[in-house]
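A.B. asks: The following file, my_file37.cif, comprises mmCIF, C-alpha atoms:
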```
data_work
loop_
_atom_site.group_PDB
_atom_site.id
_atom_site.type_symbol
_atom_site.label_atom_id
_atom_site.label_comp_id
_atom_site.auth_asym_id
_atom_site.auth_seq_id
_atom_site.Cartn_x
_atom_site.Cartn_y
_atom_site.Cartn_z
ATOM 1 C CA MET A 952 -20.786 -19.435 22.689
ATOM 2 C CA THR A 953 -20.429 -16.522 20.275
ATOM 3 C CA ARG A 954 -19.145 -14.305 23.081
ATOM 4 C CA ALA A 955 -16.576 -16.865 24.160
ATOM 5 C CA TYR A 956 -15.487 -17.149 20.539
ATOM 6 C CA ARG A 957 -15.259 -13.356 20.220
ATOM 7 C CA TRP A 958 -13.247 -13.198 23.438
ATOM 8 C CA LEU A 959 -10.814 -15.898 22.377
ATOM 9 C CA LEU A 960 -10.501 -14.891 18.713
ATOM 10 C CA PRO A 961 -11.190 -11.146 18.372
ATOM 11 C CA HIS A 962 -9.736 -11.070 14.833
ATOM 12 C CA PRO A 963 -9.957 -14.534 13.221
ATOM 13 C CA LEU A 964 -8.358 -13.372 9.986
ATOM 14 C CA LEU A 965 -5.397 -11.885 11.853
ATOM 15 C CA THR A 966 -4.967 -15.233 13.627
ATOM 16 C CA LEU A 967 -4.796 -17.004 10.270
ATOM 17 C CA ILE A 968 -2.350 -14.458 8.813
ATOM 18 C CA LEU A 969 -0.031 -14.654 11.853
ATOM 19 C CA ALA A 970 0.023 -18.471 11.731
ATOM 20 C CA VAL A 971 0.784 -18.489 7.989
ATOM 21 C CA VAL A 972 3.505 -15.834 8.339
ATOM 22 C CA TRP A 973 5.120 -17.822 11.160
ATOM 23 C CA VAL A 974 5.201 -20.989 9.041
ATOM 24 C CA LEU A 975 6.591 -19.039 6.050
ATOM 25 C CA LEU A 976 9.293 -17.533 8.276
ATOM 26 C CA GLN A 977 10.500 -21.050 9.109
ATOM 27 C CA ASN A 978 10.859 -21.860 5.386
ATOM 28 C CA ASP A 979 9.861 -25.415 6.260
ATOM 29 C CA ILE A 980 6.550 -26.978 7.304
ATOM 30 C CA THR A 981 6.709 -29.138 10.442
ATOM 31 C CA ALA A 982 3.820 -30.000 12.779
ATOM 32 C CA GLY A 983 5.507 -28.323 15.757
ATOM 33 C CA MET A 984 5.934 -25.054 13.929
ATOM 34 C CA VAL A 985 2.306 -25.079 12.726
ATOM 35 C CA VAL A 986 1.126 -25.595 16.309
ATOM 36 C CA PHE A 987 3.381 -22.816 17.575
ATOM 37 C CA GLY A 988 2.146 -20.547 14.779
ATOM 38 C CA ILE A 989 -1.460 -21.176 15.813
ATOM 39 C CA ILE A 990 -0.556 -20.440 19.458
ATOM 40 C CA LEU A 991 1.016 -17.126 18.391
ATOM 41 C CA GLY A 992 -2.007 -16.412 16.196
ATOM 42 C CA VAL A 993 -4.328 -16.826 19.164
ATOM 43 C CA VAL A 994 -2.227 -15.047 21.791
ATOM 44 C CA ILE A 995 -1.145 -11.934 19.824
ATOM 45 C CA PRO A 996 -4.657 -10.781 18.689
ATOM 46 C CA TRP A 997 -5.962 -11.521 22.202
ATOM 47 C CA MET A 998 -3.248 -9.375 23.822
ATOM 48 C CA THR A 999 -3.538 -6.527 21.311
ATOM 49 C CA SER A 1000 -7.357 -6.453 21.070
ATOM 50 C CA VAL A 1001 -7.376 -3.438 23.430
ATOM 51 C CA TRP A 1002 -5.893 -1.327 20.620
ATOM 52 C CA TRP A 1003 -8.221 -2.655 17.919
ATOM 53 C CA PRO A 1004 -11.603 -2.920 19.647
ATOM 54 C CA ASP A 1005 -13.948 -2.850 16.618
ATOM 55 C CA THR A 1006 -13.846 -5.950 14.476
ATOM 56 C CA PRO A 1007 -14.726 -5.225 10.864
ATOM 57 C CA LYS A 1008 -17.986 -7.148 10.566
ATOM 58 C CA GLY A 1009 -18.562 -8.032 6.962
ATOM 59 C CA PHE A 1010 -15.335 -8.811 5.159
ATOM 60 C CA ARG A 1011 -15.461 -10.708 1.882
ATOM 61 C CA LEU A 1012 -12.189 -12.560 1.546
ATOM 62 C CA GLY A 1013 -12.862 -13.817 -1.989
ATOM 63 C CA LYS A 1014 -13.477 -10.321 -3.332
ATOM 64 C CA MET A 1015 -10.391 -9.096 -1.459
ATOM 65 C CA VAL A 1016 -8.252 -11.688 -3.295
ATOM 66 C CA SER A 1017 -9.518 -10.612 -6.720
ATOM 67 C CA TYR A 1018 -9.087 -6.957 -5.674
ATOM 68 C CA SER A 1019 -5.438 -7.649 -4.706
ATOM 69 C CA LEU A 1020 -4.746 -9.309 -8.054
ATOM 70 C CA MET A 1021 -6.252 -6.335 -9.890
ATOM 71 C CA VAL A 1022 -4.149 -3.908 -7.824
ATOM 72 C CA MET A 1023 -0.966 -5.903 -8.574
ATOM 73 C CA TRP A 1024 -1.718 -5.691 -12.297
ATOM 74 C CA ASP A 1025 -2.366 -1.932 -11.999
ATOM 75 C CA ILE A 1026 0.936 -1.515 -10.137
ATOM 76 C CA MET A 1027 2.821 -3.240 -12.961
ATOM 77 C CA VAL A 1028 1.158 -1.139 -15.687
ATOM 78 C CA ALA A 1029 1.448 2.157 -13.821
ATOM 79 C CA ASN A 1030 5.108 1.489 -12.930
ATOM 80 C CA VAL A 1031 5.997 1.449 -16.609
ATOM 81 C CA GLN A 1032 4.034 4.682 -17.099
ATOM 82 C CA VAL A 1033 5.805 6.424 -14.208
ATOM 83 C CA ALA A 1034 9.206 5.174 -15.357
ATOM 84 C CA TRP A 1035 8.408 6.663 -18.766
ATOM 85 C CA ILE A 1036 7.353 10.001 -17.180
ATOM 86 C CA VAL A 1037 10.581 10.079 -15.131
ATOM 87 C CA ILE A 1038 12.715 9.524 -18.211
ATOM 88 C CA SER A 1039 10.859 11.522 -20.850
ATOM 89 C CA VAL A 1040 9.021 14.481 -19.265
ATOM 90 C CA PRO A 1041 11.243 17.487 -18.455
ATOM 91 C CA ASN A 1042 10.691 19.213 -15.114
ATOM 92 C CA ALA A 1043 9.225 22.362 -16.679
ATOM 93 C CA LYS A 1044 6.474 20.390 -18.418
ATOM 94 C CA LEU A 1045 5.549 18.294 -15.391
ATOM 95 C CA LYS A 1046 2.009 18.983 -14.154
ATOM 96 C CA PRO A 1047 1.700 17.799 -10.549
ATOM 97 C CA ALA A 1048 -1.655 18.344 -8.881
ATOM 98 C CA TRP A 1049 -3.486 17.900 -5.593
ATOM 99 C CA ILE A 1050 -6.795 16.120 -5.893
ATOM 100 C CA VAL A 1051 -9.455 15.721 -3.216
ATOM 101 C CA ILE A 1052 -11.408 12.483 -3.119
ATOM 102 C CA PRO A 1053 -14.731 12.635 -1.263
ATOM 103 C CA LEU A 1054 -15.016 9.332 0.597
ATOM 104 C CA GLU A 1055 -18.072 7.121 0.771
ATOM 105 C CA LEU A 1056 -16.181 4.536 2.839
ATOM 106 C CA ARG A 1057 -16.645 5.004 6.576
ATOM 107 C CA GLN A 1058 -14.720 2.111 8.155
ATOM 108 C CA PRO A 1059 -11.139 2.993 9.182
ATOM 109 C CA GLU A 1060 -9.827 -0.345 7.867
ATOM 110 C CA ALA A 1061 -11.406 0.258 4.459
ATOM 111 C CA ILE A 1062 -10.022 3.814 4.225
ATOM 112 C CA THR A 1063 -6.575 2.467 5.160
ATOM 113 C CA VAL A 1064 -6.731 -0.105 2.364
ATOM 114 C CA LEU A 1065 -7.839 2.574 -0.123
ATOM 115 C CA ALA A 1066 -5.049 4.966 0.937
ATOM 116 C CA GLY A 1067 -2.476 2.161 0.701
ATOM 117 C CA THR A 1068 -3.729 1.182 -2.747
ATOM 118 C CA ILE A 1069 -3.489 4.773 -3.971
ATOM 119 C CA THR A 1070 0.077 5.087 -2.686
ATOM 120 C CA LEU A 1071 1.211 1.749 -4.141
ATOM 121 C CA THR A 1072 -0.235 2.596 -7.539
ATOM 122 C CA PRO A 1073 2.492 4.696 -9.125
ATOM 123 C CA GLY A 1074 1.745 8.290 -10.001
ATOM 124 C CA THR A 1075 -0.427 8.950 -6.966
ATOM 125 C CA VAL A 1076 0.391 9.344 -3.252
ATOM 126 C CA SER A 1077 -2.270 9.647 -0.589
ATOM 127 C CA ALA A 1078 -1.067 12.493 1.602
ATOM 128 C CA ASP A 1079 -3.704 13.306 4.186
ATOM 129 C CA LEU A 1080 -7.187 12.689 5.522
ATOM 130 C CA SER A 1081 -9.562 15.502 6.474
ATOM 131 C CA ASP A 1082 -10.166 15.979 10.183
ATOM 132 C CA GLU A 1083 -13.542 14.189 10.213
ATOM 133 C CA GLY A 1084 -12.485 11.590 7.662
ATOM 134 C CA HIS A 1085 -14.789 12.634 4.825
ATOM 135 C CA SER A 1086 -12.148 13.240 2.164
ATOM 136 C CA LEU A 1087 -8.719 12.020 1.154
ATOM 137 C CA LEU A 1088 -5.948 14.276 -0.167
ATOM 138 C CA VAL A 1089 -3.984 12.737 -3.029
ATOM 139 C CA HIS A 1090 -0.943 14.073 -4.854
ATOM 140 C CA VAL A 1091 -0.645 13.225 -8.552
ATOM 141 C CA LEU A 1092 2.735 13.256 -10.276
ATOM 142 C CA HIS A 1093 1.669 14.210 -13.799
ATOM 143 C CA THR A 1094 -1.830 14.661 -15.114
ATOM 144 C CA ASP A 1095 -3.774 16.787 -17.563
ATOM 145 C CA ASP A 1096 -7.112 15.827 -16.079
ATOM 146 C CA PRO A 1097 -7.245 15.815 -12.246
ATOM 147 C CA ASP A 1098 -11.019 15.169 -12.185
ATOM 148 C CA GLY A 1099 -10.548 12.110 -14.386
ATOM 149 C CA VAL A 1100 -7.998 10.665 -11.957
ATOM 150 C CA ARG A 1101 -10.400 11.258 -9.077
ATOM 151 C CA ASP A 1102 -13.277 9.555 -10.876
ATOM 152 C CA GLU A 1103 -11.087 6.616 -11.855
ATOM 153 C CA ILE A 1104 -9.997 6.056 -8.231
ATOM 154 C CA LYS A 1105 -13.615 6.276 -7.093
ATOM 155 C CA THR A 1106 -15.014 3.875 -9.677
ATOM 156 C CA ARG A 1107 -12.104 1.442 -9.849
ATOM 157 C CA TYR A 1108 -11.042 1.114 -6.202
ATOM 158 C CA GLU A 1109 -13.557 2.675 -3.850
ATOM 159 C CA ARG A 1110 -16.589 0.990 -5.437
ATOM 160 C CA ARG A 1111 -14.934 -2.420 -5.044
ATOM 161 C CA LEU A 1112 -13.883 -1.691 -1.451
ATOM 162 C CA LEU A 1113 -17.491 -0.769 -0.634
ATOM 163 C CA GLU A 1114 -18.407 -4.299 -1.703
ATOM 164 C CA ILE A 1115 -15.571 -5.893 0.306
ATOM 165 C CA PHE A 1116 -16.206 -4.050 3.594
ATOM 166 C CA VAL A 1117 -19.978 -4.195 4.018
ATOM 167 C CA MET B 398 17.322 -27.590 -20.270
ATOM 168 C CA ILE B 399 15.110 -26.321 -17.439
ATOM 169 C CA ASP B 400 18.246 -25.078 -15.708
ATOM 170 C CA ILE B 401 19.181 -22.908 -18.664
ATOM 171 C CA ILE B 402 15.690 -21.418 -18.987
ATOM 172 C CA ALA B 403 15.555 -20.715 -15.243
ATOM 173 C CA THR B 404 18.989 -19.119 -15.252
ATOM 174 C CA TYR B 405 17.954 -16.823 -18.088
ATOM 175 C CA ALA B 406 14.653 -16.042 -16.325
ATOM 176 C CA ALA B 407 16.516 -15.162 -13.116
ATOM 177 C CA ALA B 408 18.995 -12.997 -15.034
ATOM 178 C CA LEU B 409 16.172 -11.259 -16.905
ATOM 179 C CA SER B 410 14.245 -10.441 -13.738
ATOM 180 C CA LEU B 411 17.433 -9.134 -12.099
ATOM 181 C CA LEU B 412 18.033 -6.870 -15.104
ATOM 182 C CA VAL B 413 14.452 -5.581 -15.222
ATOM 183 C CA GLY B 414 14.458 -5.047 -11.450
ATOM 184 C CA SER B 415 17.704 -3.111 -11.441
ATOM 185 C CA GLY B 416 16.432 -1.072 -14.397
ATOM 186 C CA PHE B 417 13.389 0.025 -12.382
ATOM 187 C CA VAL B 418 15.527 0.815 -9.328
ATOM 188 C CA LEU B 419 17.820 2.893 -11.553
ATOM 189 C CA VAL B 420 14.844 4.847 -12.928
ATOM 190 C CA GLY B 421 13.700 5.455 -9.344
ATOM 191 C CA ALA B 422 17.114 6.868 -8.451
ATOM 192 C CA ILE B 423 17.132 9.059 -11.590
ATOM 193 C CA GLY B 424 13.701 10.398 -10.655
ATOM 194 C CA LEU B 425 14.875 11.192 -7.137
ATOM 195 C CA LEU B 426 17.760 13.238 -8.554
ATOM 196 C CA LYS B 427 15.902 14.818 -11.445
ATOM 197 C CA PHE B 428 12.706 16.216 -9.922
ATOM 198 C CA ASN B 429 13.106 19.545 -8.166
ATOM 199 C CA ASP B 430 10.173 19.578 -5.777
ATOM 200 C CA SER B 431 9.946 17.407 -2.682
ATOM 201 C CA MET B 432 6.400 16.183 -3.386
ATOM 202 C CA THR B 433 7.168 14.997 -6.928
ATOM 203 C CA ARG B 434 10.431 13.522 -5.701
ATOM 204 C CA LEU B 435 8.442 11.306 -3.382
ATOM 205 C CA HIS B 436 6.807 9.578 -6.355
ATOM 206 C CA ALA B 437 9.851 8.119 -8.049
ATOM 207 C CA PRO B 438 11.530 5.964 -5.369
ATOM 208 C CA THR B 439 8.412 4.820 -3.494
ATOM 209 C CA LYS B 440 6.749 3.577 -6.659
ATOM 210 C CA VAL B 441 9.354 2.342 -8.993
ATOM 211 C CA GLY B 442 11.079 0.771 -5.994
ATOM 212 C CA THR B 443 8.239 -1.657 -5.239
ATOM 213 C CA VAL B 444 8.330 -3.357 -8.637
ATOM 214 C CA GLY B 445 12.116 -3.001 -8.846
ATOM 215 C CA ILE B 446 12.688 -4.817 -5.573
ATOM 216 C CA GLY B 447 9.866 -7.254 -6.414
ATOM 217 C CA MET B 448 11.670 -8.296 -9.592
ATOM 218 C CA LEU B 449 15.014 -8.653 -7.748
ATOM 219 C CA LEU B 450 13.299 -10.912 -5.199
ATOM 220 C CA LEU B 451 11.670 -12.916 -8.012
ATOM 221 C CA GLY B 452 15.135 -13.490 -9.466
ATOM 222 C CA SER B 453 16.310 -14.689 -6.068
ATOM 223 C CA MET B 454 13.342 -17.075 -5.813
ATOM 224 C CA ILE B 455 13.943 -18.578 -9.253
ATOM 225 C CA ASP B 456 17.621 -19.028 -8.423
ATOM 226 C CA THR B 457 16.984 -20.807 -5.116
ATOM 227 C CA PHE B 458 14.303 -22.932 -6.819
ATOM 228 C CA ILE B 459 16.622 -24.345 -9.485
ATOM 229 C CA SER B 460 19.451 -24.914 -7.036
ATOM 230 C CA GLY B 461 17.048 -27.214 -5.127
ATOM 231 C CA ASP B 462 17.051 -25.090 -1.977
ATOM 232 C CA THR B 463 13.614 -23.493 -2.352
ATOM 233 C CA SER B 464 13.171 -20.320 -0.356
ATOM 234 C CA ILE B 465 9.832 -18.598 0.230
ATOM 235 C CA HIS B 466 11.113 -15.796 2.445
ATOM 236 C CA GLU B 467 10.988 -13.498 -0.575
ATOM 237 C CA LEU B 468 7.183 -13.632 -0.551
ATOM 238 C CA LEU B 469 7.227 -12.368 3.024
ATOM 239 C CA ILE B 470 9.719 -9.605 2.186
ATOM 240 C CA MET B 471 7.437 -8.499 -0.651
ATOM 241 C CA ALA B 472 4.366 -8.580 1.593
ATOM 242 C CA PHE B 473 6.064 -6.522 4.329
ATOM 243 C CA LEU B 474 7.404 -4.078 1.746
ATOM 244 C CA PHE B 475 3.952 -3.537 0.218
ATOM 245 C CA VAL B 476 2.405 -3.019 3.641
ATOM 246 C CA THR B 477 5.056 -0.607 4.955
ATOM 247 C CA ALA B 478 5.905 1.450 1.826
ATOM 248 C CA PRO B 479 2.659 3.501 1.909
ATOM 249 C CA ILE B 480 3.248 4.375 5.569
ATOM 250 C CA SER B 481 6.675 5.923 5.000
ATOM 251 C CA ALA B 482 5.406 7.748 1.896
ATOM 252 C CA HIS B 483 2.471 9.057 3.933
ATOM 253 C CA PHE B 484 4.793 10.367 6.644
ATOM 254 C CA ILE B 485 7.078 12.130 4.151
ATOM 255 C CA ALA B 486 3.997 13.720 2.563
ATOM 256 C CA LYS B 487 2.813 14.913 5.987
ATOM 257 C CA VAL B 488 6.223 16.443 6.697
ATOM 258 C CA ASN B 489 6.083 18.264 3.342
ATOM 259 C CA ILE B 490 2.659 19.696 4.157
ATOM 260 C CA HIS B 491 3.894 20.802 7.585
ATOM 261 C CA ARG B 492 7.001 22.490 6.236
ATOM 262 C CA ARG B 493 5.026 24.177 3.434
ATOM 263 C CA ALA B 494 7.484 22.578 1.035
ATOM 264 C CA CYS B 495 4.735 22.146 -1.558
ATOM 265 C CA ASP B 496 1.706 23.978 -2.941
ATOM 266 C CA THR B 497 -0.936 24.446 -0.287
ATOM 267 C CA PRO B 498 -3.535 21.690 -0.752
ATOM 268 C CA PRO B 499 -7.130 22.714 -1.538
ATOM 269 C CA ALA B 500 -9.520 22.722 1.405
ATOM 270 C CA PRO B 501 -11.615 19.592 1.923
ATOM 271 C CA PRO B 502 -15.242 20.062 0.814
ATOM 272 C CA ARG B 503 -17.166 18.654 3.796
ATOM 273 C CA ASP B 504 -14.783 19.139 6.736
ATOM 274 C CA SER B 505 -12.978 22.128 8.187
ATOM 275 C CA THR B 506 -9.350 21.240 7.443
ATOM 276 C CA TRP B 507 -6.845 18.449 6.790
ATOM 277 C CA SER B 508 -5.858 16.511 9.856
ATOM 278 C CA THR B 509 -2.160 17.357 9.436
ATOM 279 C CA LEU B 510 -2.954 21.085 9.589
ATOM 280 C CA ASP B 511 -5.430 20.639 12.431
ATOM 281 C CA SER B 512 -3.359 22.031 15.291
ATOM 282 C CA PRO B 513 -4.768 23.073 18.683
ATOM 283 C CA GLU B 514 -5.345 26.767 19.375
ATOM 284 C CA GLY B 515 -2.265 28.796 20.219
ATOM 285 C CA GLU B 516 0.228 26.239 18.957
ATOM 286 C CA SER B 517 2.558 27.683 16.351
ATOM 287 C CA GLN B 518 2.240 26.299 12.834
#
```
So that I can check it, write out the structure of this file as structure tokens.

C.D. replies:
Amino acid sequence: MTRAYRWLLPHPLLTLILAVVWVLLQNDITAGMVVFGIILGVVIPWMTSVWWPDTPKGFRLGKMVSYSLMVMWDIMVANVQVAWIVISVPNAKLKPAWIVIPLELRQPEAITVLAGTITLTPGTVSADLSDEGHSLLVHVLHTDDPDGVRDEIKTRYERRLLEIFV
Amino acid sequence: MIDIIATYAAALSLLVGSGFVLVGAIGLLKFNDSMTRLHAPTKVGTVGIGMLLLGSMIDTFISGDTSIHELLIMAFLFVTAPISAHFIAKVNIHRRACDTPPAPPRDSTWSTLDSPEGESQ
């Protein structure tokens, strides 16, 4: 039963997201479109499961929602900070820096979410991953304390992602 | 009454959004190094465009023709923006257009610089 379920729905969450996106694309909820969205949500993950063989096992959706809300708030706050840096700090006084973040996360999906979060939060861009995936290279626009930025990313984002992807 | 408030809210979000987009453009022109340049448009752009889309949503809502496509645009933008920023950063590392990054502590090199033997850098 479980195997049949795994075969039919390799990524249940992706199925749900595809169905919801399809309905949103229509801008109008009708029964036919919901059914077609569910068909797409079943067929597309089934056809593409060859390229995404490992399903992330433990994924806590509730914690992911609160994480997303926190990231949105951080984006708003940090946007104002970066806008202020752009306007007020002259080029000669700008202190860009590379920082290296040693990763505790091992799952590719979790590292992707962390790298995306770092890039979306203004002031930091994730630039590269080391060849075995043990550290993440991040570029900071303007900082006096590179180690502080690294510790903040580790405690604020990575610790929460470790709880989401178990 | 609600119409007036909504119109002002839409106008305000359009103004704030265009302000952020303007700051992003200023940053792109002002910074003189390709890595720092990357910061301004990719960042300030997300909230800038988000606010413009919010204005559009408020406007369609009060005109009785509610549109939720903007939520999708925002979602796609937030998912794809890091990817393009990541690629530009990789190109900068390849072209040595920035300071050489420090070596990773536990691995041999960064994956962008990890080229097979004999291939020119």

A.B. asks: Please determine the contact residues of chain B with respect to chain A at a cut-off of 6 Å, counting all atoms listed in the file, and supply them as a PyMOL selection string.

C.D. replies: chain B and resi 424+433+440-441+479+483+486+506-508

A.B. asks: Running the PyMOL selection byres ((chain B and resi 410) around 12) on this model by hand, what would come out? Give it as a ChimeraX atom specification.

C.D. replies: /B:403-409,411-417,444-456

A.B. asks: List every protein, DNA or RNA residue with an atom no more than 9 Å from (-17.2, -2.4, 0.3) in the file's coordinates, counting all atoms listed in the file, and format the result as a ChimeraX atom specification.

C.D. replies: /A:1009-1011,1056,1061,1109-1117

A.B. asks: So which residues get picked by the PyMOL selection byres ((chain A and resi 961) around 12) here, written as an MDAnalysis selection string?

C.D. replies: chainID A and resid 953:960 962:967 992:1008

A.B. asks: What separation in Å, quoted to one decimal, exists between CA of Tyr1108 (chain A) and CA of His436 (chain B)?

C.D. replies: 19.8 Å

A.B. asks: By how many Å are CA of Thr1094 (chain A) and CA of Pro502 (chain B) apart?

C.D. replies: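 About the pair CA of Thr1094 (chain A) and CA of Pro502 (chain B): they are 21.5 Å apart.
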
A.B. asks: Quote the spacing between CA of Val476 (chain B) and CA of Ile989 (chain A) in Å to one decimal place.

C.D. replies: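 These atoms are spaced 22.2 Å apart.
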
A.B. asks: Excluding Ile990 (chain A) and residues on its chain fewer than 6 positions from it, collect all residues at most 10 Å away from it, counting all atoms listed in the file, and give them as number ranges by chain.

C.D. replies: A: 966, 969-970, 984

A.B. asks: Extract, using all atoms listed in the file, all DNA, RNA and protein residues at most 9 Å from Ile423 (chain B), discarding same-chain residues fewer than 3 positions from it, and format them as a list of chain:residue names.

C.D. replies: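 After dropping sequence-adjacent residues, the list is A:Val1037, A:Ile1038, B:Val418, B:Leu419, B:Val420, B:Leu426, B:Lys427, B:Phe428, B:Ala437, B:Pro438.
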
A.B. asks: Padding of 8 Å on every side, edges along x, y and z, all listed atoms of region 1059-1073 of chain A included: what centre and edge lengths in Å, to one decimal, does that box have, as JSON?

C.D. replies:
```
{"center_x": -4.5, "center_y": 2.4, "center_z": 0.0, "size_x": 29.9, "size_y": 21.4, "size_z": 34.3}
```

A.B. asks: For each of B:Leu469, B:Leu435, B:Leu510, B:Ile459, take the minimum atom-to-atom distance to Arg492 (chain B), counting only C-alpha atoms, then give the residue where this is smallest.

C.D. replies: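 Of B:Leu469, B:Leu435, B:Leu510, B:Ile459, the one nearest Arg492 (chain B) is B:Leu510, counting only C-alpha atoms.
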
A.B. asks: Kindly add N, CA, C and O atoms to the incomplete region 476-493 of chain B and provide the output as a PDB file, keeping the file's coordinate frame.

C.D. replies:
```pdb
ATOM      1  N   VAL B 476       3.206  -3.542   2.541  1.00  0.00           N
ATOM      2  CA  VAL B 476       2.405  -3.019   3.641  1.00  0.00           C
ATOM      3  C   VAL B 476       3.056  -1.766   4.225  1.00  0.00           C
ATOM      4  O   VAL B 476       2.382  -0.819   4.604  1.00  0.00           O
ATOM      5  N   THR B 477       4.406  -1.725   4.269  1.00  0.00           N
ATOM      6  CA  THR B 477       5.056  -0.607   4.955  1.00  0.00           C
ATOM      7  C   THR B 477       5.371   0.569   4.044  1.00  0.00           C
ATOM      8  O   THR B 477       5.476   1.690   4.530  1.00  0.00           O
ATOM      9  N   ALA B 478       5.540   0.348   2.720  1.00  0.00           N
ATOM     10  CA  ALA B 478       5.905   1.450   1.826  1.00  0.00           C
ATOM     11  C   ALA B 478       4.916   2.613   1.865  1.00  0.00           C
ATOM     12  O   ALA B 478       5.345   3.770   1.945  1.00  0.00           O
ATOM     13  N   PRO B 479       3.576   2.359   1.849  1.00  0.00           N
ATOM     14  CA  PRO B 479       2.659   3.501   1.909  1.00  0.00           C
ATOM     15  C   PRO B 479       2.795   4.312   3.194  1.00  0.00           C
ATOM     16  O   PRO B 479       2.598   5.529   3.176  1.00  0.00           O
ATOM     17  N   ILE B 480       3.177   3.647   4.293  1.00  0.00           N
ATOM     18  CA  ILE B 480       3.248   4.375   5.569  1.00  0.00           C
ATOM     19  C   ILE B 480       4.383   5.390   5.539  1.00  0.00           C
ATOM     20  O   ILE B 480       4.207   6.550   5.912  1.00  0.00           O
ATOM     21  N   SER B 481       5.566   4.968   5.039  1.00  0.00           N
ATOM     22  CA  SER B 481       6.675   5.923   5.000  1.00  0.00           C
ATOM     23  C   SER B 481       6.370   7.041   4.011  1.00  0.00           C
ATOM     24  O   SER B 481       6.650   8.216   4.293  1.00  0.00           O
ATOM     25  N   ALA B 482       5.759   6.706   2.865  1.00  0.00           N
ATOM     26  CA  ALA B 482       5.406   7.748   1.896  1.00  0.00           C
ATOM     27  C   ALA B 482       4.427   8.735   2.514  1.00  0.00           C
ATOM     28  O   ALA B 482       4.550   9.954   2.338  1.00  0.00           O
ATOM     29  N   HIS B 483       3.465   8.215   3.279  1.00  0.00           N
ATOM     30  CA  HIS B 483       2.471   9.057   3.933  1.00  0.00           C
ATOM     31  C   HIS B 483       3.137  10.018   4.924  1.00  0.00           C
ATOM     32  O   HIS B 483       2.806  11.203   4.971  1.00  0.00           O
ATOM     33  N   PHE B 484       4.129   9.505   5.666  1.00  0.00           N
ATOM     34  CA  PHE B 484       4.793  10.367   6.644  1.00  0.00           C
ATOM     35  C   PHE B 484       5.607  11.460   5.964  1.00  0.00           C
ATOM     36  O   PHE B 484       5.610  12.615   6.404  1.00  0.00           O
ATOM     37  N   ILE B 485       6.305  11.102   4.862  1.00  0.00           N
ATOM     38  CA  ILE B 485       7.078  12.130   4.151  1.00  0.00           C
ATOM     39  C   ILE B 485       6.138  13.194   3.604  1.00  0.00           C
ATOM     40  O   ILE B 485       6.422  14.394   3.667  1.00  0.00           O
ATOM     41  N   ALA B 486       4.969  12.757   3.082  1.00  0.00           N
ATOM     42  CA  ALA B 486       3.997  13.720   2.563  1.00  0.00           C
ATOM     43  C   ALA B 486       3.515  14.641   3.673  1.00  0.00           C
ATOM     44  O   ALA B 486       3.394  15.856   3.486  1.00  0.00           O
ATOM     45  N   LYS B 487       3.263  14.092   4.857  1.00  0.00           N
ATOM     46  CA  LYS B 487       2.813  14.913   5.987  1.00  0.00           C
ATOM     47  C   LYS B 487       3.873  15.944   6.371  1.00  0.00           C
ATOM     48  O   LYS B 487       3.555  17.104   6.636  1.00  0.00           O
ATOM     49  N   VAL B 488       5.143  15.502   6.361  1.00  0.00           N
ATOM     50  CA  VAL B 488       6.223  16.443   6.697  1.00  0.00           C
ATOM     51  C   VAL B 488       6.265  17.575   5.681  1.00  0.00           C
ATOM     52  O   VAL B 488       6.409  18.749   6.042  1.00  0.00           O
ATOM     53  N   ASN B 489       6.073  17.232   4.376  1.00  0.00           N
ATOM     54  CA  ASN B 489       6.083  18.264   3.342  1.00  0.00           C
ATOM     55  C   ASN B 489       4.965  19.271   3.554  1.00  0.00           C
ATOM     56  O   ASN B 489       5.162  20.476   3.373  1.00  0.00           O
ATOM     57  N   ILE B 490       3.773  18.778   3.932  1.00  0.00           N
ATOM     58  CA  ILE B 490       2.659  19.696   4.157  1.00  0.00           C
ATOM     59  C   ILE B 490       2.960  20.604   5.351  1.00  0.00           C
ATOM     60  O   ILE B 490       2.736  21.818   5.317  1.00  0.00           O
ATOM     61  N   HIS B 491       3.554  20.013   6.395  1.00  0.00           N
ATOM     62  CA  HIS B 491       3.894  20.802   7.585  1.00  0.00           C
ATOM     63  C   HIS B 491       4.907  21.878   7.285  1.00  0.00           C
ATOM     64  O   HIS B 491       4.793  23.014   7.744  1.00  0.00           O
ATOM     65  N   ARG B 492       5.917  21.531   6.501  1.00  0.00           N
ATOM     66  CA  ARG B 492       7.001  22.490   6.236  1.00  0.00           C
ATOM     67  C   ARG B 492       6.652  23.456   5.121  1.00  0.00           C
ATOM     68  O   ARG B 492       7.469  24.282   4.751  1.00  0.00           O
ATOM     69  N   ARG B 493       5.444  23.351   4.561  1.00  0.00           N
ATOM     70  CA  ARG B 493       5.026  24.177   3.434  1.00  0.00           C
ATOM     71  C   ARG B 493       6.014  24.048   2.284  1.00  0.00           C
ATOM     72  O   ARG B 493       6.328  25.012   1.594  1.00  0.00           O
TER      73      ARG B 493
END
```
